[in-house]
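Asks: Enclosed is the structure file input-v9.tsv (TSV, C-alpha atoms (C1' of nucleotides)).
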```
chain	number	residue	atom	x	y	z
A	297	MET	CA	-20.13	16.15	17.93
A	298	THR	CA	-21.79	13.11	19.41
A	299	ALA	CA	-20.11	9.73	19.46
A	300	LYS	CA	-21.47	7.24	16.94
A	301	ARG	CA	-20.32	3.65	16.91
A	302	VAL	CA	-19.05	3.08	13.42
A	303	PRO	CA	-17.68	-0.36	12.60
A	304	PRO	CA	-14.08	-0.57	11.29
A	305	ALA	CA	-15.19	-1.72	7.84
A	306	GLN	CA	-17.27	1.41	7.50
A	307	LEU	CA	-14.73	3.75	9.01
A	308	ALA	CA	-11.97	2.54	6.70
A	309	PRO	CA	-13.38	4.09	3.49
A	310	GLN	CA	-14.21	7.34	5.28
A	311	LEU	CA	-10.73	7.62	6.69
A	312	ARG	CA	-9.06	6.58	3.45
A	313	ASP	CA	-10.92	9.20	1.43
A	314	ALA	CA	-10.15	11.87	4.00
A	315	ILE	CA	-6.45	10.96	3.97
A	316	THR	CA	-6.33	10.84	0.16
A	317	ARG	CA	-8.01	14.17	-0.37
A	318	LEU	CA	-6.15	16.03	2.33
A	319	ASN	CA	-2.88	14.58	1.11
A	320	ARG	CA	-3.55	16.02	-2.34
A	321	ARG	CA	-4.28	19.40	-0.89
A	322	VAL	CA	-1.28	19.36	1.41
A	323	ARG	CA	1.05	18.43	-1.45
A	324	GLN	CA	-0.06	21.38	-3.52
A	325	ALA	CA	0.80	23.80	-0.77
A	326	ARG	CA	4.58	23.77	-0.83
A	327	PRO	CA	5.25	24.71	2.80
A	328	VAL	CA	8.80	25.96	2.27
A	329	GLY	CA	10.21	27.39	-0.90
A	330	ASP	CA	9.91	24.70	-3.51
A	331	LEU	CA	10.64	21.65	-1.41
A	332	THR	CA	8.06	18.93	-1.79
A	333	VAL	CA	6.33	17.49	1.22
A	334	THR	CA	8.28	14.26	0.77
A	335	GLN	CA	11.59	16.09	0.74
A	336	LEU	CA	10.64	18.19	3.73
A	337	SER	CA	9.63	15.17	5.70
A	338	ALA	CA	12.88	13.35	4.97
A	339	LEU	CA	14.93	16.40	5.89
A	340	THR	CA	13.00	16.78	9.11
A	341	SER	CA	13.60	13.15	10.08
A	342	LEU	CA	17.27	13.53	9.29
A	343	ARG	CA	17.57	16.61	11.43
A	344	LEU	CA	15.76	15.00	14.32
A	345	ALA	CA	18.04	12.00	14.24
A	346	GLY	CA	21.24	13.92	13.64
A	347	ALA	CA	22.48	11.42	11.11
A	348	LEU	CA	21.02	8.33	9.44
A	349	THR	CA	21.96	5.89	6.71
A	350	PRO	CA	19.77	5.81	3.59
A	351	ARG	CA	18.27	2.53	4.69
A	352	GLU	CA	17.40	3.92	8.13
A	353	LEU	CA	15.89	7.06	6.65
A	354	ALA	CA	13.84	4.94	4.24
A	355	ASP	CA	12.54	2.93	7.19
A	356	VAL	CA	11.59	6.03	9.14
A	357	GLU	CA	9.78	7.52	6.14
A	358	ARG	CA	8.11	4.22	5.21
A	359	VAL	CA	9.50	4.01	1.67
A	360	GLN	CA	11.75	1.51	-0.11
A	361	PRO	CA	15.50	2.29	-0.40
A	362	PRO	CA	15.51	3.13	-4.12
A	363	THR	CA	12.86	5.75	-3.44
A	364	MET	CA	14.94	7.25	-0.67
A	365	THR	CA	18.01	7.25	-2.89
A	366	LYS	CA	16.18	9.56	-5.25
A	367	ILE	CA	14.77	11.79	-2.55
A	368	VAL	CA	18.20	12.24	-0.98
A	369	ALA	CA	19.76	12.93	-4.39
A	370	LYS	CA	17.39	15.87	-4.81
A	371	LEU	CA	18.15	17.20	-1.35
A	372	GLU	CA	21.86	16.82	-1.98
A	373	GLU	CA	21.52	18.66	-5.29
A	374	ARG	CA	20.11	21.58	-3.35
A	375	GLY	CA	22.88	21.46	-0.80
A	376	LEU	CA	20.53	20.56	2.02
A	377	VAL	CA	21.97	17.14	2.83
A	378	ARG	CA	25.53	15.83	2.91
A	379	ARG	CA	26.84	12.32	2.52
A	380	THR	CA	29.87	11.08	4.40
A	381	PRO	CA	31.48	7.64	4.21
A	382	HIS	CA	30.58	5.22	6.97
A	383	PRO	CA	33.45	4.94	9.44
A	384	THR	CA	33.57	1.13	9.41
A	385	ASP	CA	31.41	-0.15	6.56
A	386	GLY	CA	32.21	0.70	2.96
A	387	ARG	CA	28.77	-0.23	1.79
A	388	GLN	CA	27.02	2.42	3.80
A	389	VAL	CA	26.90	6.21	3.75
A	390	ILE	CA	25.95	8.59	6.53
A	391	LEU	CA	23.47	11.33	5.75
A	392	SER	CA	23.08	14.51	7.67
A	393	ALA	CA	21.44	17.88	7.19
A	394	THR	CA	23.79	20.65	6.12
A	395	GLU	CA	23.60	24.09	7.69
A	396	GLY	CA	21.54	25.11	4.71
A	397	GLY	CA	19.20	22.24	5.41
A	398	GLN	CA	18.90	23.21	9.05
A	399	ALA	CA	18.20	26.80	8.08
A	400	VAL	CA	15.40	25.71	5.78
A	401	LEU	CA	13.82	23.75	8.60
A	402	ASP	CA	14.24	26.60	11.07
A	403	GLN	CA	12.43	28.84	8.62
A	404	PHE	CA	9.73	26.26	8.15
A	405	GLU	CA	9.10	25.90	11.87
A	406	ARG	CA	8.55	29.62	12.19
A	407	VAL	CA	6.07	29.84	9.31
A	408	ARG	CA	2.68	30.63	10.72
A	409	ASP	CA	0.88	31.43	7.52
A	410	GLU	CA	1.66	28.13	5.88
A	411	TRP	CA	-1.54	26.65	4.49
A	412	LEU	CA	-2.07	23.77	6.89
A	413	ALA	CA	-1.08	25.77	9.99
A	414	ARG	CA	-3.55	28.46	9.02
A	415	ARG	CA	-6.36	25.99	8.44
A	416	LEU	CA	-5.63	24.38	11.81
A	417	ALA	CA	-5.63	27.77	13.51
A	418	GLU	CA	-9.16	28.29	12.25
A	419	LEU	CA	-10.43	25.16	13.96
A	420	THR	CA	-11.80	25.02	17.47
A	421	GLU	CA	-9.48	23.92	20.25
A	422	PRO	CA	-11.35	20.62	20.73
A	423	ASP	CA	-11.07	19.87	16.99
A	424	ARG	CA	-7.33	20.57	17.11
A	425	GLU	CA	-7.05	18.29	20.10
A	426	THR	CA	-8.89	15.58	18.15
A	427	LEU	CA	-6.42	15.99	15.27
A	428	ARG	CA	-3.45	15.94	17.62
A	429	GLN	CA	-4.59	12.62	19.04
A	430	ALA	CA	-5.49	11.35	15.59
A	431	ALA	CA	-2.02	12.23	14.26
A	432	GLU	CA	-0.48	9.91	16.85
A	433	ILE	CA	-2.86	7.11	15.97
A	434	LEU	CA	-2.32	7.62	12.24
A	435	GLN	CA	1.48	7.44	12.71
A	436	GLN	CA	0.95	4.20	14.62
A	437	LEU	CA	-1.20	2.82	11.81
A	438	ALA	CA	1.45	3.79	9.25
A	439	ARG	CA	4.01	1.77	11.20
A	440	ALA	CA	1.82	-1.32	11.32
B	78	MET	CA	-4.16	10.07	26.41
B	79	THR	CA	-4.08	13.41	28.15
B	80	ALA	CA	-4.87	16.61	26.30
B	81	LYS	CA	-1.89	18.78	25.49
B	82	ARG	CA	-2.27	22.22	24.02
B	83	VAL	CA	-0.23	22.15	20.86
B	84	PRO	CA	-0.17	25.33	18.76
B	85	PRO	CA	-1.28	25.03	15.09
B	86	ALA	CA	2.20	25.72	13.73
B	87	GLN	CA	3.48	22.75	15.67
B	88	LEU	CA	0.56	20.48	14.94
B	89	ALA	CA	0.81	21.10	11.19
B	90	PRO	CA	4.08	19.16	10.65
B	91	GLN	CA	2.90	16.33	12.87
B	92	LEU	CA	-0.35	15.99	11.00
B	93	ARG	CA	1.29	16.36	7.61
B	94	ASP	CA	3.79	13.61	8.29
B	95	ALA	CA	1.08	11.34	9.64
B	96	ILE	CA	-1.06	11.96	6.55
B	97	THR	CA	1.88	11.45	4.19
B	98	ARG	CA	3.04	8.21	5.73
B	99	LEU	CA	-0.38	6.66	6.15
B	100	ASN	CA	-1.27	7.66	2.60
B	101	ARG	CA	1.76	5.75	1.32
B	102	ARG	CA	0.76	2.71	3.29
B	103	VAL	CA	-2.87	2.87	2.27
B	104	ARG	CA	-1.93	3.16	-1.41
B	105	GLN	CA	0.13	-0.01	-1.27
B	106	ALA	CA	-2.77	-2.00	0.06
B	107	ARG	CA	-5.05	-2.33	-2.95
B	108	PRO	CA	-8.39	-2.72	-1.17
B	109	VAL	CA	-10.20	-4.33	-4.11
B	110	GLY	CA	-8.68	-6.35	-6.85
B	111	ASP	CA	-6.19	-4.15	-8.57
B	112	LEU	CA	-8.05	-0.85	-8.43
B	113	THR	CA	-5.96	1.98	-7.06
B	114	VAL	CA	-7.16	4.03	-4.12
B	115	THR	CA	-7.74	6.97	-6.45
B	116	GLN	CA	-9.86	4.91	-8.80
B	117	LEU	CA	-11.83	3.41	-5.97
B	118	SER	CA	-12.52	6.78	-4.47
B	119	ALA	CA	-13.75	8.22	-7.78
B	120	LEU	CA	-15.97	5.21	-8.39
B	121	THR	CA	-17.39	5.52	-4.88
B	122	SER	CA	-18.20	9.19	-5.38
B	123	LEU	CA	-19.85	8.41	-8.68
B	124	ARG	CA	-21.98	5.70	-7.17
B	125	LEU	CA	-23.05	7.88	-4.29
B	126	ALA	CA	-24.08	10.67	-6.62
B	127	GLY	CA	-25.71	8.43	-9.18
B	128	ALA	CA	-24.23	10.40	-12.07
B	129	LEU	CA	-21.78	13.26	-12.41
B	130	THR	CA	-20.00	15.15	-15.16
B	131	PRO	CA	-16.20	14.86	-15.27
B	132	ARG	CA	-15.90	18.41	-13.98
B	133	GLU	CA	-18.19	17.66	-11.05
B	134	LEU	CA	-16.35	14.45	-10.21
B	135	ALA	CA	-13.03	16.30	-10.36
B	136	ASP	CA	-14.41	18.85	-7.91
B	137	VAL	CA	-15.63	16.20	-5.50
B	138	GLU	CA	-12.29	14.39	-5.61
B	139	ARG	CA	-10.28	17.62	-5.39
B	140	VAL	CA	-8.30	17.14	-8.59
B	141	GLN	CA	-8.04	19.10	-11.84
B	142	PRO	CA	-10.15	18.00	-14.83
B	143	PRO	CA	-7.25	16.57	-16.87
B	144	THR	CA	-6.42	14.33	-13.96
B	145	MET	CA	-10.01	13.12	-13.72
B	146	THR	CA	-10.10	12.56	-17.49
B	147	LYS	CA	-7.32	10.02	-17.04
B	148	ILE	CA	-8.79	8.38	-13.96
B	149	VAL	CA	-12.15	7.94	-15.70
B	150	ALA	CA	-10.47	6.59	-18.82
B	151	LYS	CA	-8.97	3.80	-16.73
B	152	LEU	CA	-12.27	3.00	-15.07
B	153	GLU	CA	-13.99	2.99	-18.45
B	154	GLU	CA	-11.32	0.67	-19.84
B	155	ARG	CA	-12.25	-1.79	-17.12
B	156	GLY	CA	-15.94	-1.46	-17.83
B	157	LEU	CA	-16.64	0.06	-14.41
B	158	VAL	CA	-17.87	3.44	-15.63
B	159	ARG	CA	-19.99	4.48	-18.60
B	160	ARG	CA	-20.17	7.76	-20.46
B	161	THR	CA	-23.39	9.06	-21.93
B	162	PRO	CA	-23.95	12.26	-23.89
B	163	HIS	CA	-25.40	15.16	-21.96
B	164	PRO	CA	-29.10	15.58	-22.84
B	165	THR	CA	-28.82	19.29	-23.61
B	166	ASP	CA	-25.17	20.32	-23.73
B	167	GLY	CA	-22.89	18.86	-26.36
B	168	ARG	CA	-19.80	19.83	-24.45
B	169	GLN	CA	-20.57	17.67	-21.45
B	170	VAL	CA	-20.72	13.96	-20.78
B	171	ILE	CA	-22.54	12.16	-17.98
B	172	LEU	CA	-20.61	9.56	-16.05
B	173	SER	CA	-22.16	6.74	-14.10
B	174	ALA	CA	-21.07	3.47	-12.53
B	175	THR	CA	-21.92	0.39	-14.57
B	176	GLU	CA	-23.31	-2.75	-12.96
B	177	GLY	CA	-19.78	-4.06	-12.92
B	178	GLY	CA	-18.69	-0.94	-11.08
B	179	GLN	CA	-21.46	-1.29	-8.56
B	180	ALA	CA	-20.58	-4.92	-8.00
B	181	VAL	CA	-16.97	-4.01	-7.32
B	182	LEU	CA	-18.07	-1.49	-4.73
B	183	ASP	CA	-20.53	-3.95	-3.14
B	184	GLN	CA	-17.68	-6.41	-2.82
B	185	PHE	CA	-15.44	-3.74	-1.34
B	186	GLU	CA	-18.01	-2.77	1.27
B	187	ARG	CA	-18.17	-6.37	2.48
B	188	VAL	CA	-14.42	-6.81	2.80
B	189	ARG	CA	-13.52	-7.06	6.44
B	190	ASP	CA	-9.98	-8.21	6.11
B	191	GLU	CA	-8.88	-5.29	3.99
B	192	TRP	CA	-5.71	-3.84	5.45
B	193	LEU	CA	-7.06	-0.57	6.85
B	194	ALA	CA	-10.26	-2.12	8.22
B	195	ARG	CA	-8.20	-4.74	10.03
B	196	ARG	CA	-5.84	-2.16	11.49
B	197	LEU	CA	-8.83	-0.12	12.68
B	198	ALA	CA	-10.43	-3.19	14.21
B	199	GLU	CA	-7.34	-3.63	16.34
B	200	LEU	CA	-7.65	-0.18	17.87
B	201	THR	CA	-9.57	0.63	21.02
B	202	GLU	CA	-13.09	1.97	20.65
B	203	PRO	CA	-12.07	5.45	21.91
B	204	ASP	CA	-9.23	5.56	19.35
B	205	ARG	CA	-11.63	4.60	16.58
B	206	GLU	CA	-14.01	7.30	17.75
B	207	THR	CA	-11.13	9.80	17.63
B	208	LEU	CA	-10.40	8.76	14.03
B	209	ARG	CA	-14.05	8.94	13.07
B	210	GLN	CA	-14.20	12.53	14.29
B	211	ALA	CA	-10.83	13.30	12.74
B	212	ALA	CA	-11.96	11.96	9.35
B	213	GLU	CA	-14.77	14.52	9.30
B	214	ILE	CA	-12.41	17.33	10.23
B	215	LEU	CA	-9.84	16.21	7.65
B	216	GLN	CA	-12.51	16.15	4.91
B	217	GLN	CA	-13.45	19.66	5.95
B	218	LEU	CA	-9.82	20.75	5.74
B	219	ALA	CA	-9.49	19.16	2.30
B	220	ARG	CA	-12.43	21.26	1.08
B	221	ALA	CA	-10.96	24.50	2.42
C	55	DC	C1'	38.73	-18.43	1.04
C	56	DG	C1'	34.36	-18.76	-1.19
C	57	DG	C1'	29.55	-18.26	-1.03
C	58	DG	C1'	25.81	-15.85	0.95
C	59	DT	C1'	24.14	-11.58	2.70
C	60	DT	C1'	23.77	-6.63	2.99
C	61	DC	C1'	23.82	-1.78	1.31
C	62	DA	C1'	22.93	1.58	-1.93
C	63	DT	C1'	22.15	2.52	-6.52
C	64	DT	C1'	20.40	2.04	-11.28
C	65	DA	C1'	16.96	0.83	-14.64
C	66	DG	C1'	12.49	0.61	-15.81
C	67	DC	C1'	7.90	0.97	-14.88
C	68	DT	C1'	3.14	2.76	-13.23
C	69	DA	C1'	0.35	6.06	-10.88
C	70	DG	C1'	-0.86	10.62	-9.72
C	71	DG	C1'	-0.76	15.18	-10.18
C	72	DC	C1'	-0.28	19.77	-12.55
C	73	DT	C1'	-0.38	23.62	-16.41
C	74	DA	C1'	-0.90	25.10	-21.12
C	75	DA	C1'	-2.98	24.46	-25.26
C	76	DC	C1'	-6.45	22.61	-28.14
C	77	DT	C1'	-11.14	21.41	-30.09
C	78	DA	C1'	-15.97	21.45	-29.85
C	79	DT	C1'	-19.97	23.48	-28.05
C	80	DT	C1'	-22.73	26.93	-25.87
C	81	DG	C1'	-23.98	31.61	-24.34
C	82	DT	C1'	-24.19	36.49	-24.82
C	83	DG	C1'	-24.48	41.04	-26.48
C	84	DA	C1'	-24.36	44.21	-30.21
D	112	DT	C1'	-28.01	36.95	-36.75
D	113	DC	C1'	-23.28	36.64	-35.94
D	114	DA	C1'	-18.88	37.20	-33.81
D	115	DC	C1'	-16.60	36.72	-29.81
D	116	DA	C1'	-16.16	35.03	-25.13
D	117	DA	C1'	-16.76	31.39	-22.13
D	118	DT	C1'	-17.15	26.58	-20.95
D	119	DA	C1'	-16.26	21.42	-21.02
D	120	DG	C1'	-13.33	17.93	-21.72
D	121	DT	C1'	-9.26	16.27	-23.70
D	122	DT	C1'	-4.38	16.03	-25.15
D	123	DA	C1'	0.46	16.94	-24.57
D	124	DG	C1'	4.09	17.41	-21.80
D	125	DC	C1'	6.16	17.55	-17.55
D	126	DC	C1'	7.30	16.53	-12.70
D	127	DT	C1'	6.80	13.86	-8.38
D	128	DA	C1'	6.26	9.63	-5.98
D	129	DG	C1'	6.36	5.17	-5.52
D	130	DC	C1'	7.54	0.20	-6.57
D	131	DT	C1'	10.38	-4.22	-8.10
D	132	DA	C1'	14.31	-6.44	-10.16
D	133	DA	C1'	18.93	-6.30	-11.11
D	134	DT	C1'	23.60	-4.75	-10.25
D	135	DG	C1'	28.12	-3.90	-8.07
D	136	DA	C1'	30.76	-3.26	-3.93
D	137	DA	C1'	31.61	-4.56	0.67
D	138	DC	C1'	31.06	-7.51	4.59
D	139	DC	C1'	30.24	-11.84	7.28
D	140	DC	C1'	30.61	-16.52	8.45
D	141	DG	C1'	31.56	-21.38	8.27
```
Can you present the structure in this file as structure tokens?
Replies:
Amino acid sequence: MTAKRVPPAQLAPQLRDAITRLNRRVRQARPVGDLTVTQLSALTSLRLAGALTPRELADVERVQPPTMTKIVAKLEERGLVRRTPHPTDGRQVILSATEGGQAVLDQFERVRDEWLARRLAELTEPDRETLRQAAEILQQLARA
Amino acid sequence: MTAKRVPPAQLAPQLRDAITRLNRRVRQARPVGDLTVTQLSALTSLRLAGALTPRELADVERVQPPTMTKIVAKLEERGLVRRTPHPTDGRQVILSATEGGQAVLDQFERVRDEWLARRLAELTEPDRETLRQAAEILQQLARA
DNA sequence: CGGGTTCATTAGCTAGGCTAACTATTGTGA
DNA sequence: TCACAATAGTTAGCCTAGCTAATGAACCCG
């Protein structure tokens, strides 16, 4: 794959379409049970952090608080997340993954035949390396 | 950025989260007027192809026909897309971009201060090259 | 101590997807 | 030639994913 200098204004539509289409495809493939990608992502962030407030989790996931309220409600309904009162501030709650939530994530991390992992396994090593680097840059862009 | 061998099962969550978060961000930034990213993408595909049936456009955009029916209805409402009867098959319609639709896309292609284009302009050339290559791979994954 | 700020939630909305079912049209085989 | 199967697009209904504005409870600061 030879390098071609593509100006940002031309790369933007290409990247946007790629992101849009892959996102659709990824969302259809429920990686674990019937959790949505959004729920899975929030649960993963919660587990990585140990505990977060709804506002913090919303920030990490790049959504507004009301959206996170609903996501967390679903996870709580399924027993995957617990809420505890904030030790010093009555306005806040502390969220953490329950053992059930951790188990779901453990299972997810071991899945090798999940759609995206399988597709990635079919790529060449250099292509995977490109995507690994791209993932970091894309996360950076999302934080901008 | 040194290369690190990351197995596919580990890369999958990283890539998925990156895609999910950037997709959210990209959707908030309406690149042209008040067209959504989905509408813009469909209109772009239509313009590139010259004319497509709803089924064909749905295939290109990786959505189901009922979804494309609704997307096209919105574009038609705004006078950006026209429907014409199929010359030989009464079941089908032919979709094409109107002059208004083409003008919108011309305008979009000239926008340099659109959010994503600006973010990309701020990256290093090697990072942009990584994303250019990644966009191709991601499109390929979306077609899988 | 009162007003402003913060936190999370609720209400209401749009967009984006899907499946199942439907209607109209075409194609095929007996 | 006709009946049935298949196809194309749409409609209905549903769920997910987001947002903003408003609300109530709690906290902070002058």
Asks: Once chain A is superposed on chain B with a least-squares fit on all C-alpha pairs taken in order, can you show it as a compact mmCIF listing (two decimals) with C-alpha atoms, in the coordinates of the input?
Replies:
```txt
# COMPACT_ATOMS: atom_id res chain seq x y z
CA MET A 297 -4.22 10.11 26.44
CA THR A 298 -4.14 13.47 28.14
CA ALA A 299 -4.92 16.67 26.30
CA LYS A 300 -1.90 18.82 25.50
CA ARG A 301 -2.28 22.26 24.00
CA VAL A 302 -0.24 22.16 20.84
CA PRO A 303 -0.14 25.31 18.73
CA PRO A 304 -1.27 25.02 15.07
CA ALA A 305 2.22 25.68 13.73
CA GLN A 306 3.50 22.71 15.67
CA LEU A 307 0.57 20.45 14.93
CA ALA A 308 0.83 21.06 11.19
CA PRO A 309 4.09 19.13 10.65
CA GLN A 310 2.91 16.28 12.88
CA LEU A 311 -0.33 15.96 11.01
CA ARG A 312 1.30 16.33 7.61
CA ASP A 313 3.81 13.58 8.30
CA ALA A 314 1.10 11.30 9.64
CA ILE A 315 -1.05 11.91 6.55
CA THR A 316 1.90 11.40 4.18
CA ARG A 317 3.07 8.17 5.73
CA LEU A 318 -0.35 6.63 6.15
CA ASN A 319 -1.25 7.61 2.61
CA ARG A 320 1.77 5.69 1.33
CA ARG A 321 0.79 2.65 3.30
CA VAL A 322 -2.84 2.83 2.28
CA ARG A 323 -1.92 3.10 -1.40
CA GLN A 324 0.15 -0.05 -1.27
CA ALA A 325 -2.74 -2.05 0.05
CA ARG A 326 -4.98 -2.33 -2.98
CA PRO A 327 -8.34 -2.72 -1.22
CA VAL A 328 -10.17 -4.31 -4.14
CA GLY A 329 -8.64 -6.34 -6.90
CA ASP A 330 -6.17 -4.09 -8.63
CA LEU A 331 -8.03 -0.81 -8.45
CA THR A 332 -5.94 2.01 -7.07
CA VAL A 333 -7.15 4.05 -4.15
CA THR A 334 -7.72 7.00 -6.48
CA GLN A 335 -9.85 4.94 -8.82
CA LEU A 336 -11.81 3.43 -5.97
CA SER A 337 -12.51 6.79 -4.49
CA ALA A 338 -13.75 8.21 -7.78
CA LEU A 339 -15.97 5.20 -8.38
CA THR A 340 -17.38 5.50 -4.89
CA SER A 341 -18.22 9.18 -5.37
CA LEU A 342 -19.85 8.39 -8.68
CA ARG A 343 -21.97 5.68 -7.16
CA LEU A 344 -23.03 7.87 -4.28
CA ALA A 345 -24.11 10.63 -6.61
CA GLY A 346 -25.73 8.40 -9.19
CA ALA A 347 -24.27 10.36 -12.06
CA LEU A 348 -21.82 13.24 -12.39
CA THR A 349 -20.03 15.13 -15.13
CA PRO A 350 -16.22 14.87 -15.25
CA ARG A 351 -15.92 18.40 -13.94
CA GLU A 352 -18.22 17.65 -11.00
CA LEU A 353 -16.39 14.44 -10.17
CA ALA A 354 -13.07 16.30 -10.31
CA ASP A 355 -14.45 18.85 -7.86
CA VAL A 356 -15.67 16.19 -5.47
CA GLU A 357 -12.32 14.38 -5.57
CA ARG A 358 -10.31 17.61 -5.32
CA VAL A 359 -8.33 17.13 -8.54
CA GLN A 360 -8.08 19.13 -11.77
CA PRO A 361 -10.19 18.03 -14.79
CA PRO A 362 -7.32 16.60 -16.86
CA THR A 363 -6.47 14.34 -13.94
CA MET A 364 -10.04 13.15 -13.71
CA THR A 365 -10.15 12.55 -17.45
CA LYS A 366 -7.36 10.04 -17.03
CA ILE A 367 -8.82 8.39 -13.96
CA VAL A 368 -12.18 7.93 -15.68
CA ALA A 369 -10.49 6.58 -18.82
CA LYS A 370 -8.96 3.81 -16.72
CA LEU A 371 -12.26 3.00 -15.07
CA GLU A 372 -13.98 2.98 -18.44
CA GLU A 373 -11.31 0.67 -19.83
CA ARG A 374 -12.23 -1.79 -17.11
CA GLY A 375 -15.91 -1.47 -17.81
CA LEU A 376 -16.65 0.05 -14.43
CA VAL A 377 -17.88 3.43 -15.64
CA ARG A 378 -20.00 4.46 -18.62
CA ARG A 379 -20.19 7.75 -20.44
CA THR A 380 -23.42 9.04 -21.93
CA PRO A 381 -23.96 12.26 -23.86
CA HIS A 382 -25.40 15.16 -21.91
CA PRO A 383 -29.07 15.61 -22.76
CA THR A 384 -28.81 19.34 -23.48
CA ASP A 385 -25.14 20.31 -23.66
CA GLY A 386 -22.85 18.83 -26.28
CA ARG A 387 -19.76 19.83 -24.40
CA GLN A 388 -20.51 17.68 -21.40
CA VAL A 389 -20.71 13.95 -20.74
CA ILE A 390 -22.52 12.13 -17.96
CA LEU A 391 -20.63 9.50 -16.03
CA SER A 392 -22.17 6.71 -14.08
CA ALA A 393 -21.07 3.45 -12.53
CA THR A 394 -21.87 0.37 -14.58
CA GLU A 395 -23.28 -2.75 -12.95
CA GLY A 396 -19.76 -4.07 -12.92
CA GLY A 397 -18.66 -0.95 -11.11
CA GLN A 398 -21.44 -1.30 -8.57
CA ALA A 399 -20.54 -4.93 -8.02
CA VAL A 400 -16.93 -4.01 -7.33
CA LEU A 401 -18.04 -1.51 -4.73
CA ASP A 402 -20.49 -3.95 -3.15
CA GLN A 403 -17.63 -6.40 -2.81
CA PHE A 404 -15.41 -3.73 -1.36
CA GLU A 405 -17.95 -2.73 1.28
CA ARG A 406 -18.17 -6.29 2.49
CA VAL A 407 -14.40 -6.78 2.79
CA ARG A 408 -13.53 -7.07 6.43
CA ASP A 409 -9.97 -8.23 6.10
CA GLU A 410 -8.88 -5.31 3.99
CA TRP A 411 -5.72 -3.83 5.46
CA LEU A 412 -7.06 -0.57 6.84
CA ALA A 413 -10.28 -2.11 8.20
CA ARG A 414 -8.23 -4.72 10.01
CA ARG A 415 -5.87 -2.17 11.50
CA LEU A 416 -8.84 -0.10 12.66
CA ALA A 417 -10.47 -3.16 14.20
CA GLU A 418 -7.37 -3.60 16.33
CA LEU A 419 -7.70 -0.15 17.85
CA THR A 420 -9.63 0.66 20.98
CA GLU A 421 -13.15 2.01 20.61
CA PRO A 422 -12.13 5.48 21.85
CA ASP A 423 -9.28 5.60 19.30
CA ARG A 424 -11.69 4.64 16.53
CA GLU A 425 -14.04 7.34 17.71
CA THR A 426 -11.16 9.83 17.58
CA LEU A 427 -10.42 8.77 13.99
CA ARG A 428 -14.07 8.97 13.02
CA GLN A 429 -14.23 12.56 14.23
CA ALA A 430 -10.86 13.32 12.71
CA ALA A 431 -11.98 11.97 9.31
CA GLU A 432 -14.77 14.55 9.25
CA ILE A 433 -12.40 17.35 10.17
CA LEU A 434 -9.82 16.20 7.63
CA GLN A 435 -12.48 16.16 4.87
CA GLN A 436 -13.41 19.70 5.90
CA LEU A 437 -9.77 20.77 5.72
CA ALA A 438 -9.43 19.20 2.27
CA ARG A 439 -12.36 21.30 1.07
CA ALA A 440 -10.87 24.53 2.38
```
Asks: Residues at most 12 Å from DG124 of chain D, counting all atoms listed in the file, excluding those fewer than 6 positions away in the same chain, as a PyMOL selection string?
Replies: chain C and resi 72-75
Asks: Env of Ala106 of chain B: 12 Å cut, atoms = only C-alpha atoms (C1' of nucleotides), seq-sep filter 4 positions within chain, self excluded. Answer as a list in words.
Replies: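 The neighbour list is Arg312 and Ala438 of chain A; Leu99, Asn100, Arg101, Arg102, Gly110, Asp111, Leu112, Thr113, Val114, Asp190, Glu191, Trp192, Leu193, Ala194, Arg195 and Arg196 of chain B.
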Asks: One decimal, in Å: what's the spacing between atom CA of Thr334 of chain A and atom CA of Glu425 of chain A?
Replies: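 Computing it gives 25.0 Å between the two atoms.
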Asks: Return as lines of an AutoDock Vina configuration file the box centre and box size in Å, one decimal, for an axis-aligned box around all listed atoms of segment 132-140 of chain D padded by 5 Å per side.
Replies:
```
center_x = 23.0
center_y = -9.9
center_z = -1.3
size_x = 27.3
size_y = 23.3
size_z = 29.6
```
Asks: Skipping near chain neighbours, those fewer than 5 positions away, what residues fall within 12 Å of segment 131-134 of chain D using only C-alpha atoms (C1' of nucleotides), listed as a list of chain:residue names?
Replies: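 Listing them by chain and then by number gives A:Gln360, A:Pro361, A:Pro362, A:Thr363, C:DC61, C:DA62, C:DT63, C:DT64, C:DA65, C:DG66, C:DC67, C:DT68.
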Asks: List as a list in words the protein and nucleic acid residues near segment 213-218 of chain B, meaning an atom at most 8 Å away when all atoms listed in the file are counted, but skip any in the same chain fewer than 5 places from it.
Replies: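 Skipping anything fewer than 5 positions along the chain leaves Asp313, Ala314, Ile315, Arg317, Leu318, Arg415, Asp423 and Leu427 of chain A.
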Asks: Have a look at atom CA of Ala354 of chain A and atom CA of Ala369 of chain A and let me know their distance in Å, one decimal.
Replies: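 Between atom CA of Ala354 of chain A and atom CA of Ala369 of chain A the gap works out to 13.2 Å.
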Asks: Would you mind listing what lies within 12 Å of segment 152-158 of chain B as JSON, numbers by chain, with only C-alpha atoms (C1' of nucleotides) counted and same-chain residues fewer than 4 positions away left out?
Replies: {"B": [110, 111, 112, 113, 115, 116, 117, 118, 119, 120, 121, 122, 123, 124, 127, 128, 129, 130, 131, 145, 146, 147, 148, 171, 172, 173, 174, 175, 176, 177, 178, 179, 180, 181, 182]}
Asks: Closest to chain A among C:DA84, C:DT79, C:DG56, C:DG70, using only C-alpha atoms (C1' of nucleotides)?
Replies: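 Between C:DA84, C:DT79, C:DG56, C:DG70, the residue approaching chain A most closely is C:DG70.
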Asks: One number please: atom CA of Ala430 of chain A to atom CA of Leu197 of chain B, in Å, one decimal.
Replies: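 Distance between the two atoms: 12.3 Å.
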Asks: Please determine, counting all atoms listed in the file, which residue among B:Arg104, B:Arg168, B:Lys151, B:His163 has the shortest atom-to-atom distance to chain D.
Replies: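 Nearest candidate to chain D out of B:Arg104, B:Arg168, B:Lys151, B:His163: B:Arg168.
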